[in-house]
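*Asks:* First the structure, then my questions, so here it is.
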Protein chains: 2
Amino acid sequence: MKRLILVSVVLLLLLSALAGCARKKEQATPLPAGALPADAMAIAQERGLTPDDIAAALKTYMPSGKWDEYYLFSSGGHSGNLIVIGVPSMRILKNIAVFTPEAWQGYGYGDKATEEILDAGNVGDVKIRMGDSHHPALSETNGDYDGQWVFINDKANARVAVIDLRDFRTKQIVKDPNIISNHGSTFVTPNTEYVIQGTQYATPLGWDYAPLSEYKEKYRGVITLWKFDREKGRIVPEESFSIEVPPYWQDLCDAGKLASDGWAFCNSFNTELFTGGNMQGNPQFESGVSQRDMDYLHIFNWRKAAEVVAAGKYEVINGMRVIRLPTAAAEGILFFAPEPKSPHGVDVTPDGQYVVVSGKLDPHVTVYSMAKIEKAIADRNWTLDDYGVPVLNYDAVMHVQVELGLGPLHTQFDGQGYAYTSLFLDSAIARWKLGGDDPAAWTLVEKTPVHYNVGHIAAAEGDTVNPDGKYLVALNKWAVDRFLPVGPLLPQNLQLLDISGSPVKLIYDMPMGIGEPHYAQMIKADKLKPLNVYPQVGWDAIEWKPSPYATKKGEERIERNGNHVTIYSTSIRSHITPDRVELKKGDHVTWHITNVETAHDAVHGFQLGGQNISLSIEPGATVTFEFVASQDGTYAYYCTEFCSALHLEMMGYMLVEP
Amino acid sequence: MKRLILVSVVLLLLLSALAGCARKKEQATPLPAGALPADAMAIAQERGLTPDDIAAALKTYMPSGKWDEYYLFSSGGHSGNLIVIGVPSMRILKNIAVFTPEAWQGYGYGDKATEEILDAGNVGDVKIRMGDSHHPALSETNGDYDGQWVFINDKANARVAVIDLRDFRTKQIVKDPNIISNHGSTFVTPNTEYVIQGTQYATPLGWDYAPLSEYKEKYRGVITLWKFDREKGRIVPEESFSIEVPPYWQDLCDAGKLASDGWAFCNSFNTELFTGGNMQGNPQFESGVSQRDMDYLHIFNWRKAAEVVAAGKYEVINGMRVIRLPTAAAEGILFFAPEPKSPHGVDVTPDGQYVVVSGKLDPHVTVYSMAKIEKAIADRNWTLDDYGVPVLNYDAVMHVQVELGLGPLHTQFDGQGYAYTSLFLDSAIARWKLGGDDPAAWTLVEKTPVHYNVGHIAAAEGDTVNPDGKYLVALNKWAVDRFLPVGPLLPQNLQLLDISGSPVKLIYDMPMGIGEPHYAQMIKADKLKPLNVYPQVGWDAIEWKPSPYATKKGEERIERNGNHVTIYSTSIRSHITPDRVELKKGDHVTWHITNVETAHDAVHGFQLGGQNISLSIEPGATVTFEFVASQDGTYAYYCTEFCSALHLEMMGYMLVEP
C-alpha cells in the first residue's frame with residue numbers, strides 16, 4: 001500500500017508536469033520547464049515544424065525591445081552600400097549609403113558635405129554615383145575589432161570609403177589614382193595603421209591607354225596602403241603609398257597578425273597574362289586565365305615597405321608614392337609562393353601562424369606556414385618570376401593540403417580550433433580542424449549544405465585574433481526557390497548557421513533583396529558605442545565639430561547679397577522657420593538648416609519639390625544645400641520624417657518670382 | 001496488485017512522454033505533442049522567453065525553403081522606393097527602385113529604358129532622381145486585389161509610378177502638370193479604371209508664381225484621375241483628367257466600393273486657407289491650419305466626372321483636361337461634409353456603406369453613412385462654401401462617432417466585422433466593432449500598445465471588399481530603444497500583430513532601415529504570378545516584347561559608323577562577348593547586351609569602371625546603354641552578379657585610344 005501511495009504521488013507529480021507541458025499560456029509568465037504553449041503547438045503542427053525548426057525559431061527570435069548580440073556589416077555589392085544586420089535575428093538595422101546616393105539618409109541629394117564626399121571619388125570628368133562595394137573591414141586594435149570604424153571598397157572604380165561608427169555615416173571616399181578596379185580590399189593591419197587595397201584587373205598605371213599587345217610590359221597592379229589617421233578619422237593620401245605588382249590580377253587579401261604581424265597576403269589568378277579576345281579566336285577569359293596549375297600567392301612585408309618609403313625609395317605616379325617592382329623585389333618587400341588552382345580566398349588563422357588559400361578549381365585548401373615562409377626567405381629558397389620577384393619553393397612553404405570539396409572559396413575561424421570554408425560548387429560549409437605542426441591532424445570534420453552557391457562566409461569575429469564562434473553567416477549567391485517569387489531578379493540568401501555545437505545547424509534564411517552582398521564581418525554588439533544625438537545643437541556631422549552655420553531658435557534669417565541668398569533655418573516639431581522663402585528667378589541660394597532637437601529619434605527630413613533635394617537632419621545636426629532658382633513658380637518644402645502628430649503641417653512655401 | 005500494475009504502466013507511459021517532452025531532438029522528426037526540444041528550452045531560458053514569445057517566434061518563423069503567406073508592399077518614404085516584405089516572417093524580399101536610381105537593379109545608371117522612365121518625371125529642366133513615395137495601391141478587380149500591378153505616388157513632386165508585378169519593375173512615371181505635391185494617392189477605383197491622386201499643398205495650377213496674398217483666388221488643388229490601360233500596362237495621360245478643388249490641402253483619400261461604388265473620398269485640413277509667415281509674426285503652420293473645429297471631407301463622384309469630361313465640359317490646363325470648380329459643383333460631382341478635427345485618414349468599410357474619418361486632434365473616429373450622404377444630396381440638404389461647393393449637413397450624414405483614443409490616423413478592416421485604427425499619440429492599435437445601422441453597436445473592443453507613434457497600418461487585404469484578417473502591420477514612426485543603436489538616424493519599426501484571435505498579439509518587430517515607410521498593402525501570396533525568366537531570350541522588359549537589339553550567341557558584333565559605335569553583346573556563364581572593345585576618344589557608343597541564359601536566377605550584372613554605368617540583365621533580357629568615350633585610357637567591365645565559380649573571370653577590357 002505504501003508503494004501504491006508512493007507511485008500515486010509520483011504519478012500526480014508527473015501528471016501535473018505533463019499538464020504544464022501542454023497547457024495554453026496566455027500571460028507573460030515564466031516558461032515552465034518543457035512546456036510548449038498551445039498556440040505555439042498549433043502553428044508548429046500547421047507548418048510542419050520539426051524540433052530543430054522550433055529550436056532555430058527560438059534561437060533567432062528577438063522579442064520586442066530585446067537587442068541582437070552581434071552587428072553584421074555586409075557589403076551591398078553593386079548597390080554600392082553597406083548593410084547593417086542584427087544577428088541572430090537577421091533583421092536589417094540600417095542601409096548605410098556609401099558609394100551611391102540615398103535619399104532617406106540625405107546622402108548625395110543636395111547635402112553639400114555628402115556631395116563633396118562623393119565628388120572626391122569622381123573619375124576624371126565623370127561624376128561617379130554608384131559603386132560595387134565588396135569587402136568591409138572593421139577597424140582593429142591588436143588584431144581585434146574595436147568598433148570604431150568600418151572601411152569598404154568599390155571594385156568598379158578602385159575606391160575606398162571610411163564609415164564612422166559613432167553615427168554610421170560615410171565620411172570619406174578616396175580614389176586610387178593608378179588603378180581602375182580593386183578587389184583585395186579593404187583589409188586592415190592589426191592596429192589599423194593602414195587600410196589596404198589591391199588591384200583586380202590590371203591596366204597601365206593611371207589606367208592610361210596602352211594596347212593589349214603591350215600587356216606584359218605596360219599593364220600593372222598595385223597594392224595600396226592607405227594610411228589611416230584615427231584622430232582625424234580620415235585616410236591621409238599624402239601619407240599613403242602603393243607597391244607595384246605584376247599584372248597577375250590580384251584577388252583577395254588578408255593581413256597577418258601575431259606570428260605573421262607585419263606581413264600581408266594576396267592571391268592572384270592570371271599569371272598567364274591572358275588578355276581575352278573571344279571575338280578574335282582566342283579562348284574565353286575563364287579558360288584563358290585558368291590554364292596554369294599554379295598562380296602566385298603574393299606575400300608582402302608592409303612594415304618594411306613603410307620603411308622603404310620613409311627612406312625615399314619610391315616614385316610619385318599620379319600623385320601617389322609608388323614602390324616600383326624592382327625595388328619591392330630587391331628590398332625584400334614582395335615574395336611569391338605558388339598556389340593551386342584558380343586561387344580566390346586567402347585567410348590567416350587567428351594565431352597568425354598559417355595562411356589558408358582556396359583554389360576554386362582544387363578540392364583542397366592549401367595551408368602555408370608562416371614559419372616556413374620566413375625560413376624559405378632566410379634560406380633564399382626561391383626562383384625568380386619574369387618580373388624578378390622571388391618565387392618561394394612550394395614544398396618548402398606549403399604545410400598541408402586539406403581536401404574539403406568542390407569550389408572552396410573563403411575561410412573563417414571559431415574559438416574552438418575549427419576553420420570553416422565555403423564550398424561554392426558543393427553549396428556547403430566545411431568545418432575542419434586546424435591541426436598545428438602535425439599535417440595529419442588537419443582534417444575535415446563535417447559539411448553542412450547551404451542554399452545555394454555560397455560565396456563569402458562571416459563568423460562572429462571570425463577573422464580576428466579572438467574569434468567568438470557561435471554564429472556563422474553564409475552569403476549565398478543564388479536563392480532560386482527559397483523565397484516567394486519576386487520576378488527574374490532574385491534576392492541573395494544569407495543563411496545563419498549555429499556553430500556553437502556539433503553538428504553545425506542551419507537556423508535562418510534571410511533574403512537580401514537590397515543588393516548583392518559579397519563579404520561581411522560580424523562584431524559583438526557591446527563593442528560599439530554609437531551616439532543617439534549629436535554632441536551639441538548645430539553640429540557638422542562630417543567635420544565632427546560645431547558648424548559655422550548653426551542656427552539657434554529665434555535667430556533664423558534670410559540674407560540677400562545681390563542675387564546670392566543665404567537662408568539660416570531651424571527645424572523643430574512641428575515647423576520649419578522660415579516657412580516662407582521669397583526668391584527671384586536666377587537667385588543662387590545657400591540654405592542651412594539646423595535641427596534644434598535633442599531628443600533621441602527626433603529626426604527631421606527635408607525635401608523641396610522640383611529641385612531634387614532630399615536631406616536628413618538628425619537631432620543637433622546642421623546641413624547645407626545650394627541650388628540656383630532657375631525656374632519661377634510656387635514650390636513646397638516639408639519635413640519628410642513623420643516626426644509628430646502635426647508633421648504634415650511642417651512645411652513652407654518657396655516662391656520664385658519671374 | 002492489479003492497481004499497482006495499472007498505475008505502473010501509466011507511470012511508465014507518462015515517464016516516456018515526459019522524457020519525450022524534454023529530450024534533445026537532433027533529427028528532423030515530427031514534433032511529439034507538447035514537446036519543446038532541449039536546445040530550444042535552453043535558449044528560451046537564456047533569453048527569458050515567455051510562452052507568448054515562443055508562440056510568436058513560431059508564428060513568424062519560416063524554415064529554410066518555406067514561403068511566406070503574404071506579400072507586403074510598403075512604401076519606402078523619402079528613399080523613393082517600394083519595399084516588398086514577406087509576412088509573417090517580415091523578411092525583405094526586394095527593394096523595388098521607383099523614383100530613385102538603384103544600381104543593383106540597374107535602374108537609372110545608364111540603362112536607357114529606365115533613364116527614360118525617370119526622365120518622364122523631370123520637373124521642367126530639373127532632372128529629378130529622388131522622390132517621397134507614400135501610398136502604394138495594388139490593382140483591383142471588383143474591389144479585390146488582383147496581383148497584377150501596384151502604383152505609388154511621389155509626394156515631393158506630385159508623380160505616380162506604375163510597377164508591373166510580372167517582374168516587379170517600375171514601368172512608368174507620370175508627372176501631374178498642375179501640382180507640385182500630392183498626398184492622397186495613389187488609390188484605385190474598384191476595377192482599376194483610374195489611379196487617383198490628390199494635391200497636398202496647394203499652389204497656383206502649374207505651380208506658377210503667385211504671391212501668397214493671392215492664395216484664396218489663385219491657389220488650387222486638383223484631384224487627378226489617371227486612366228489606367230490594363231492591356232498596355234500604362235497610365236494614359238491623354239485619357240486622364242483632373243477635378244479642380246479649393247486650396248484646402250487635400251490629404252488622404254479612398255475609393256468607394258460596392259454600396260459606394262462610383263464615389264471617392266478625400267480629407268482636407270486647411271480650410272482656414274492659412275499660408276504661414278512665422279517670421280512675419282503669424283502663427284506656426286501647425287496651429288494656423290488647425291484653428292477650425294471642422295474641415296471638409298471631399299466627396300466626389302468619379303463616374304459622373306468621367307461623363308462630364310466625355311461631354312466636353314473641361315478646360316485643358318498645361319495639357320491636362322480639368323473640370324473647373326464651378327462645373328464640378330454644378331454637375332453634382334463634388335460635395336463636402338464637415339469633419340472634425342485636423343482630419344487625416346479616410347477609409348471605406350469593406351461593404352462600402354460607411355466612410356471612417358480620423359481627426360488627429362479628436363479622440364473619436366467619425367463614421368459617415370453612404371446612404372445618408374446620398375439622401376442628403378437628393379434632399380439638397382446643404383449650404384455652400386466660399387467656392388460654391390455644397391457642404392452637406394453634418395448631422396444628416398454623420399452616422400456615429402466612436403471614441404478610440406488619442407491621435408487616430410488610419411483604419412483597416414478584417415473579415416470578422418472589426419475595424420483597426422492606429423492611434424499615433426497613444427502608440428496603440430484600437431480594435432473596434434462595426435455596428436451597422438445601430439449607432440450604439442459601434443464600440444471599442446480593445447487597444448494594443450505598439451512602439452512607437454504608429455502611422456499607417458496594413459491588415460491582410462485590409463482595404464478590399466474581402467479582408468482576410470489574420471495579420472496586421474503597424475508602421476511605427478519612432479523606434480527609439482527597440483533595436484541595437486545605429487547612430488542618430490534610426491530605422492522605423494514595423495510591428496506585426498496577430499489579429500486572428502482575441503486579444504490581439506504583437507508578434508514581431510521589424511526594423512526598417514532602408515527608408516521611411518508610410519503606407520503598405522498586404523496581399524495573399526498566391527494571387528501573384530511573377531515570371532522567373534523573361535518570355536524569350538532578347539526581351540525588352542519595359543516594352544514587354546522582343547527587343548530589336550536582341551543578340552544571339554555567335555552574332556555578337558561591333559559596328560562603327562564614323563564616330564558612332566554600336567556594340568551587340570551577349571552574357572552567359574562565364575563570359576561577356578566581346579571581351580575586347582576598342583574605341584577612339586570621343587566615340588558615341590551604343591551598347592546592347594543580351595543575357596542569353598534561360599535558367600532561373602542566372603542574372604548577370606554589368607558595371608563599367610569610370611563611366612557610372614550599372615546594369616542588371618536578367619535571364620532573357622536585352623538592355624541598352626549609351627555614353628561618350630570622353631576620356632582615353634584602359635577600362636575594365638565585368639559581371640557584377642556572382643553567377644558562377646568563374647564569375648571573377650567574366651570581364652572585358654575597353655580601350656579608348658587618345
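Chain identifiers are assigned as A, B, and so on, following the order in which chains appear in the C-alpha cells; residues are numbered from 1 within each chain, and ligands are numbered from 1 in order of appearance.
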Excluding Tyr61 (chain A) and any residue of its chain fewer than 4 positions from it, enumerate the residues within 7 Å of it, using only C-alpha atoms, and give them as a PyMOL selection string.

*Replies:* (chain A and resi 57+89) or (chain B and resi 57)

*Asks:* Could you name the residues that touch region 112-121 of chain B at 6 Å or less, counting only C-alpha atoms, but leaving out those on the same chain fewer than 4 positions away, as a VMD selection string?

*Replies:* chain B and resid 107 to 108 172 to 175 624 to 625

*Asks:* Identify which of the residues B:Tyr534, B:Tyr420, B:Phe73, B:Tyr519 lies closest to chain A, counting only C-alpha atoms when measuring atom-to-atom distances.

*Replies:* B:Tyr534

*Asks:* From region 160-336 of chain A, collect each residue whose DSSP state is alpha helix (DSSP H) and return the set as a list in words.

*Replies:* Tyr215, Lys216, Glu217, Lys218, Phe285, Glu286, Ser287, Gly288, Trp302, Arg303, Lys304, Ala305, Ala306, Glu307, Val308, Val309, Ala310, Leu325, Pro326, Thr327, Ala328, Ala329 and Ala330 of chain A

*Asks:* Can you spit out the residues from that selection as a PDB file, in the first residue's frame, using C-alpha atoms?

*Replies:*
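The resulting file, out-v1.pdb, is reproduced below:
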ATOM      1  CA  TYR A 215      50.114  43.888 -71.616  1.00  0.00           C
ATOM      2  CA  LYS A 216      53.204  42.272 -70.160  1.00  0.00           C
ATOM      3  CA  GLU A 217      55.322  45.407 -70.391  1.00  0.00           C
ATOM      4  CA  LYS A 218      52.865  48.149 -69.565  1.00  0.00           C
ATOM      5  CA  PHE A 285      38.683  34.625 -70.279  1.00  0.00           C
ATOM      6  CA  GLU A 286      37.513  31.974 -67.824  1.00  0.00           C
ATOM      7  CA  SER A 287      39.698  29.367 -69.505  1.00  0.00           C
ATOM      8  CA  GLY A 288      42.494  31.679 -70.606  1.00  0.00           C
ATOM      9  CA  TRP A 302      54.038  46.079 -45.291  1.00  0.00           C
ATOM     10  CA  ARG A 303      56.100  47.244 -42.346  1.00  0.00           C
ATOM     11  CA  LYS A 304      59.308  47.015 -44.358  1.00  0.00           C
ATOM     12  CA  ALA A 305      57.536  48.701 -47.267  1.00  0.00           C
ATOM     13  CA  ALA A 306      56.701  51.632 -44.998  1.00  0.00           C
ATOM     14  CA  GLU A 307      60.361  51.874 -44.033  1.00  0.00           C
ATOM     15  CA  VAL A 308      61.411  51.777 -47.680  1.00  0.00           C
ATOM     16  CA  VAL A 309      59.001  54.618 -48.449  1.00  0.00           C
ATOM     17  CA  ALA A 310      60.273  56.555 -45.442  1.00  0.00           C
ATOM     18  CA  LEU A 325      58.520  46.490 -58.716  1.00  0.00           C
ATOM     19  CA  PRO A 326      62.328  46.150 -58.854  1.00  0.00           C
ATOM     20  CA  THR A 327      62.597  47.995 -55.527  1.00  0.00           C
ATOM     21  CA  ALA A 328      59.935  45.798 -53.979  1.00  0.00           C
ATOM     22  CA  ALA A 329      61.803  42.686 -55.093  1.00  0.00           C
ATOM     23  CA  ALA A 330      65.240  43.984 -54.142  1.00  0.00           C
TER      24      ALA A 330
END

*Asks:* Could you pull out the residues in region 293-360 of chain A that DSSP calls strand (DSSP E or B) from the backbone, as a PyMOL selection string?

*Replies:* chain A and resi 295-301+315-317+320-323+334-339+343-348+354-359

*Asks:* With N, CA and C atoms retained, could you export that selection as a compact mmCIF listing (two decimals), in the first residue's frame?

*Replies:*
# COMPACT_ATOMS: atom_id res chain seq x y z
N ASP A 295 49.13 29.63 -59.57
CA ASP A 295 49.36 31.06 -59.67
C ASP A 295 50.22 31.45 -58.47
N TYR A 296 50.28 32.73 -58.18
CA TYR A 296 51.20 33.16 -57.12
C TYR A 296 50.49 33.84 -55.96
N LEU A 297 50.68 33.26 -54.79
CA LEU A 297 50.33 33.96 -53.56
C LEU A 297 51.33 35.10 -53.38
N HIS A 298 50.81 36.32 -53.24
CA HIS A 298 51.68 37.47 -53.01
C HIS A 298 51.87 37.62 -51.49
N ILE A 299 53.12 37.62 -51.09
CA ILE A 299 53.45 37.75 -49.66
C ILE A 299 54.23 39.05 -49.53
N PHE A 300 53.70 39.99 -48.81
CA PHE A 300 54.46 41.24 -48.74
C PHE A 300 54.57 41.74 -47.30
N ASN A 301 55.71 42.38 -47.09
CA ASN A 301 56.06 42.88 -45.77
C ASN A 301 55.71 44.37 -45.75
N GLU A 315 58.72 56.28 -56.35
CA GLU A 315 58.44 57.30 -57.36
C GLU A 315 57.02 57.81 -57.13
N VAL A 316 56.79 59.05 -57.46
CA VAL A 316 55.43 59.59 -57.37
C VAL A 316 54.76 59.43 -58.74
N ILE A 317 53.71 58.65 -58.76
CA ILE A 317 52.98 58.41 -60.01
C ILE A 317 51.54 58.85 -59.80
N MET A 320 50.65 59.63 -56.27
CA MET A 320 50.78 58.59 -55.23
C MET A 320 52.23 58.10 -55.19
N ARG A 321 52.76 57.95 -54.00
CA ARG A 321 54.10 57.38 -53.85
C ARG A 321 54.02 55.89 -54.16
N VAL A 322 54.85 55.43 -55.09
CA VAL A 322 54.80 54.03 -55.52
C VAL A 322 56.18 53.40 -55.38
N ILE A 323 56.24 52.30 -54.66
CA ILE A 323 57.46 51.47 -54.64
C ILE A 323 57.43 50.65 -55.92
N LEU A 334 58.46 42.00 -51.33
CA LEU A 334 57.48 41.19 -52.07
C LEU A 334 58.05 39.83 -52.42
N PHE A 335 57.30 38.79 -52.09
CA PHE A 335 57.63 37.40 -52.45
C PHE A 335 56.38 36.74 -53.00
N PHE A 336 56.62 35.71 -53.77
CA PHE A 336 55.50 34.91 -54.25
C PHE A 336 55.65 33.49 -53.73
N ALA A 337 54.53 32.79 -53.62
CA ALA A 337 54.55 31.35 -53.39
C ALA A 337 53.53 30.73 -54.35
N PRO A 338 53.88 29.64 -55.00
CA PRO A 338 52.92 29.01 -55.91
C PRO A 338 51.68 28.57 -55.13
N GLU A 339 50.52 28.70 -55.80
CA GLU A 339 49.26 28.31 -55.15
C GLU A 339 48.33 27.73 -56.20
N PRO A 343 43.18 30.47 -57.64
CA PRO A 343 43.06 30.87 -56.22
C PRO A 343 42.05 31.99 -56.02
N HIS A 344 41.39 31.96 -54.90
CA HIS A 344 40.43 33.02 -54.60
C HIS A 344 40.64 33.55 -53.18
N GLY A 345 40.17 32.80 -52.18
CA GLY A 345 40.26 33.32 -50.82
C GLY A 345 41.59 33.02 -50.16
N VAL A 346 42.07 33.98 -49.37
CA VAL A 346 43.26 33.76 -48.55
C VAL A 346 42.92 34.28 -47.15
N ASP A 347 43.15 33.46 -46.15
CA ASP A 347 42.75 33.81 -44.79
C ASP A 347 43.78 33.32 -43.79
N VAL A 348 44.15 34.23 -42.89
CA VAL A 348 45.18 33.93 -41.89
C VAL A 348 44.50 33.40 -40.63
N TYR A 354 49.37 30.42 -39.79
CA TYR A 354 49.08 29.74 -41.06
C TYR A 354 48.25 30.64 -41.97
N VAL A 355 48.46 30.41 -43.26
CA VAL A 355 47.73 31.14 -44.29
C VAL A 355 46.98 30.11 -45.12
N VAL A 356 45.64 30.24 -45.16
CA VAL A 356 44.81 29.27 -45.84
C VAL A 356 44.40 29.83 -47.20
N VAL A 357 44.75 29.12 -48.25
CA VAL A 357 44.40 29.55 -49.61
C VAL A 357 43.41 28.56 -50.21
N SER A 358 42.37 29.11 -50.84
CA SER A 358 41.39 28.26 -51.53
C SER A 358 41.52 28.48 -53.03
N GLY A 359 41.67 27.38 -53.76
CA GLY A 359 41.65 27.45 -55.22
C GLY A 359 40.29 26.97 -55.71

*Asks:* At a cut-off of 7 Å, using only C-alpha atoms, what residues contact region 145-147 of chain B? Leave out same-chain residues fewer than 4 positions from it and give the result as an mmCIF file with N, CA, C and O atoms, in the first residue's frame.

*Replies:*
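The resulting file, out-v7.cif, is shown below:
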data_model
loop_
_atom_site.group_PDB
_atom_site.id
_atom_site.type_symbol
_atom_site.label_atom_id
_atom_site.label_comp_id
_atom_site.auth_asym_id
_atom_site.auth_seq_id
_atom_site.Cartn_x
_atom_site.Cartn_y
_atom_site.Cartn_z
ATOM 1 N N LEU B 138 -2.408 48.463 -54.771
ATOM 2 C CA LEU B 138 -2.444 47.282 -55.637
ATOM 3 C C LEU B 138 -3.639 47.379 -56.567
ATOM 4 O O LEU B 138 -4.703 47.883 -56.183
ATOM 5 N N SER B 139 -3.453 46.903 -57.781
ATOM 6 C CA SER B 139 -4.573 46.920 -58.729
ATOM 7 C C SER B 139 -5.689 46.021 -58.215
ATOM 8 O O SER B 139 -5.452 45.036 -57.507
ATOM 9 N N GLU B 140 -6.913 46.388 -58.565
ATOM 10 C CA GLU B 140 -8.085 45.668 -58.067
ATOM 11 C C GLU B 140 -9.001 45.235 -59.209
ATOM 12 O O GLU B 140 -9.070 45.889 -60.250
ATOM 13 N N THR B 141 -9.657 44.127 -58.982
ATOM 14 C CA THR B 141 -10.752 43.685 -59.842
ATOM 15 C C THR B 141 -11.948 43.443 -58.921
ATOM 16 O O THR B 141 -11.829 42.697 -57.944
ATOM 17 N N LEU B 165 3.846 43.642 -61.698
ATOM 18 C CA LEU B 165 4.116 42.533 -60.781
ATOM 19 C C LEU B 165 4.458 41.233 -61.496
ATOM 20 O O LEU B 165 4.656 40.209 -60.856
ATOM 21 N N THR B 464 -9.806 45.942 -48.911
ATOM 22 C CA THR B 464 -10.562 45.409 -50.053
ATOM 23 C C THR B 464 -12.003 45.114 -49.620
ATOM 24 O O THR B 464 -12.372 45.321 -48.466
ATOM 25 N N ILE B 523 -1.107 41.487 -49.560
ATOM 26 C CA ILE B 523 -1.878 40.666 -50.498
ATOM 27 C C ILE B 523 -1.501 39.199 -50.330
ATOM 28 O O ILE B 523 -0.337 38.858 -50.116
ATOM 29 N N LYS B 527 -1.931 35.106 -55.126
ATOM 30 C CA LYS B 527 -2.544 35.929 -56.177
ATOM 31 C C LYS B 527 -1.522 36.428 -57.195
ATOM 32 O O LYS B 527 -1.897 36.903 -58.261
ATOM 33 N N LEU B 528 -0.252 36.379 -56.829
ATOM 34 C CA LEU B 528 0.785 36.887 -57.737
ATOM 35 C C LEU B 528 1.399 35.741 -58.530
ATOM 36 O O LEU B 528 1.617 34.653 -57.983
#
